[in-house]
file my_file.csv (CSV, C-alpha atoms)
chain,number,residue,atom,x,y,z
A,1,MET,CA,-2.1,-62.6,63.8
A,2,ILE,CA,-0.9,-61.8,67.3
A,3,VAL,CA,-4.5,-61.9,68.5
A,4,SER,CA,-4.9,-65.4,67.1
A,5,ILE,CA,-1.7,-66.6,68.7
A,6,MET,CA,-2.7,-65.1,72.0
A,7,GLU,CA,-6.2,-66.6,71.9
A,8,LEU,CA,-5.0,-70.1,70.7
A,9,GLY,CA,-2.2,-70.2,73.3
A,10,ASN,CA,-4.5,-68.8,76.0
A,11,ILE,CA,-2.0,-66.0,76.7
A,12,LYS,CA,-3.4,-63.0,78.5
A,13,ILE,CA,-2.1,-59.4,78.6
A,14,GLY,CA,-1.5,-59.8,82.4
A,15,GLN,CA,0.9,-62.7,81.7
A,16,LEU,CA,2.9,-60.8,79.2
A,17,PHE,CA,3.0,-57.5,81.1
A,18,PRO,CA,2.5,-58.2,84.8
A,19,TYR,CA,3.6,-54.7,85.7
A,20,LEU,CA,0.7,-53.0,84.0
A,21,PRO,CA,-2.3,-51.7,86.0
A,22,GLN,CA,-5.2,-54.1,86.5
A,23,ALA,CA,-7.5,-52.0,84.3
A,24,ILE,CA,-5.2,-52.5,81.3
A,25,LYS,CA,-4.6,-56.2,82.0
A,26,ASP,CA,-8.4,-56.8,81.9
A,27,LEU,CA,-8.8,-55.2,78.4
A,28,ASN,CA,-9.7,-57.5,75.5
A,29,VAL,CA,-6.8,-58.3,73.3
A,30,GLY,CA,-8.8,-57.1,70.3
A,31,ILE,CA,-9.1,-53.6,71.7
A,32,ILE,CA,-5.3,-53.5,72.3
A,33,ALA,CA,-4.7,-54.8,68.7
A,34,LEU,CA,-7.0,-52.1,67.3
A,35,PHE,CA,-5.0,-49.4,69.2
A,36,VAL,CA,-1.7,-50.8,67.9
A,37,ASN,CA,-3.1,-50.9,64.3
A,38,ILE,CA,-4.1,-47.2,64.6
A,39,VAL,CA,-0.7,-46.2,65.8
A,40,VAL,CA,1.0,-48.1,63.0
A,41,LEU,CA,-1.4,-46.5,60.5
A,42,VAL,CA,-0.4,-43.0,61.7
A,43,VAL,CA,3.3,-43.7,61.7
A,44,VAL,CA,3.3,-45.3,58.2
A,45,SER,CA,1.1,-42.4,56.9
A,46,LEU,CA,3.5,-39.8,58.2
A,47,MET,CA,6.6,-41.7,56.9
A,48,THR,CA,5.1,-42.0,53.4
A,49,LYS,CA,3.6,-38.6,53.2
A,50,ASN,CA,6.7,-37.2,51.4
A,51,PHE,CA,6.6,-39.9,48.8
A,52,THR,CA,3.2,-39.2,47.4
A,53,TYR,CA,2.6,-37.2,44.2
A,54,THR,CA,0.7,-34.0,44.2
A,55,HIS,CA,-1.9,-33.3,41.6
A,56,GLN,CA,0.5,-30.7,40.0
A,57,ASP,CA,3.2,-33.3,39.6
A,58,THR,CA,0.9,-35.7,37.7
A,59,ASP,CA,-0.3,-32.9,35.4
A,60,ASP,CA,3.3,-32.1,34.4
A,61,LEU,CA,3.9,-35.8,33.7
A,62,GLU,CA,0.8,-36.1,31.5
A,63,THR,CA,1.6,-32.9,29.6
A,64,SER,CA,5.2,-34.0,28.8
A,65,THR,CA,3.8,-37.4,27.7
A,66,LEU,CA,1.3,-35.7,25.3
A,67,GLU,CA,4.0,-33.4,23.9
A,68,GLN,CA,6.2,-36.4,23.1
A,69,LYS,CA,3.4,-38.1,21.2
A,70,ILE,CA,2.8,-35.1,19.0

call {"tool": "encode", "arguments": {"input": "my_file.csv", "output": "structure tokens"}}
result
Amino acid sequence: MIVSIMELGNIKIGQLFPYLPQAIKDLNVGIIALFVNIVVLVVVSLMTKNFTYTHQDTDDLETSTLEQKI
């Protein structure tokens, strides 16, 4: 979405961040968006890692459900 706004508004990285080196200001907005998406993916994965169920947890749940049916 940010890439769309920047392209439609003809906004360049150099305009938003004039203090960056010229090599970074010349990068395509899509490459920067890809990098930001990868960073967000890693952060969310690390944050949600503690909330996922292990295989052992689901086995216990299935066993207790079967015992209740019998």

call {"tool": "atom_distance", "arguments": {"input": "my_file.csv", "atom1": "atom CA of A:Leu20", "atom2": "atom CA of A:Ile2"}}
result
18.9 Å

call {"tool": "atom_distance", "arguments": {"input": "my_file.csv", "atom1": "atom CA of A:Phe17", "atom2": "atom CA of A:Ala33"}}
result
14.8 Å

call {"tool": "atom_distance", "arguments": {"input": "my_file.csv", "atom1": "atom CA of A:Leu27", "atom2": "atom CA of A:Val42"}}
result
22.3 Å

call {"tool": "residues_near_point", "arguments": {"input": "my_file.csv", "point": "(-2.8, -63.9, 68.5)", "cutoff": "12 Å", "atoms": "only C-alpha atoms", "output": "VMD selection string"}}
result
chain A and resid 1 to 13 28 to 30 32 to 33
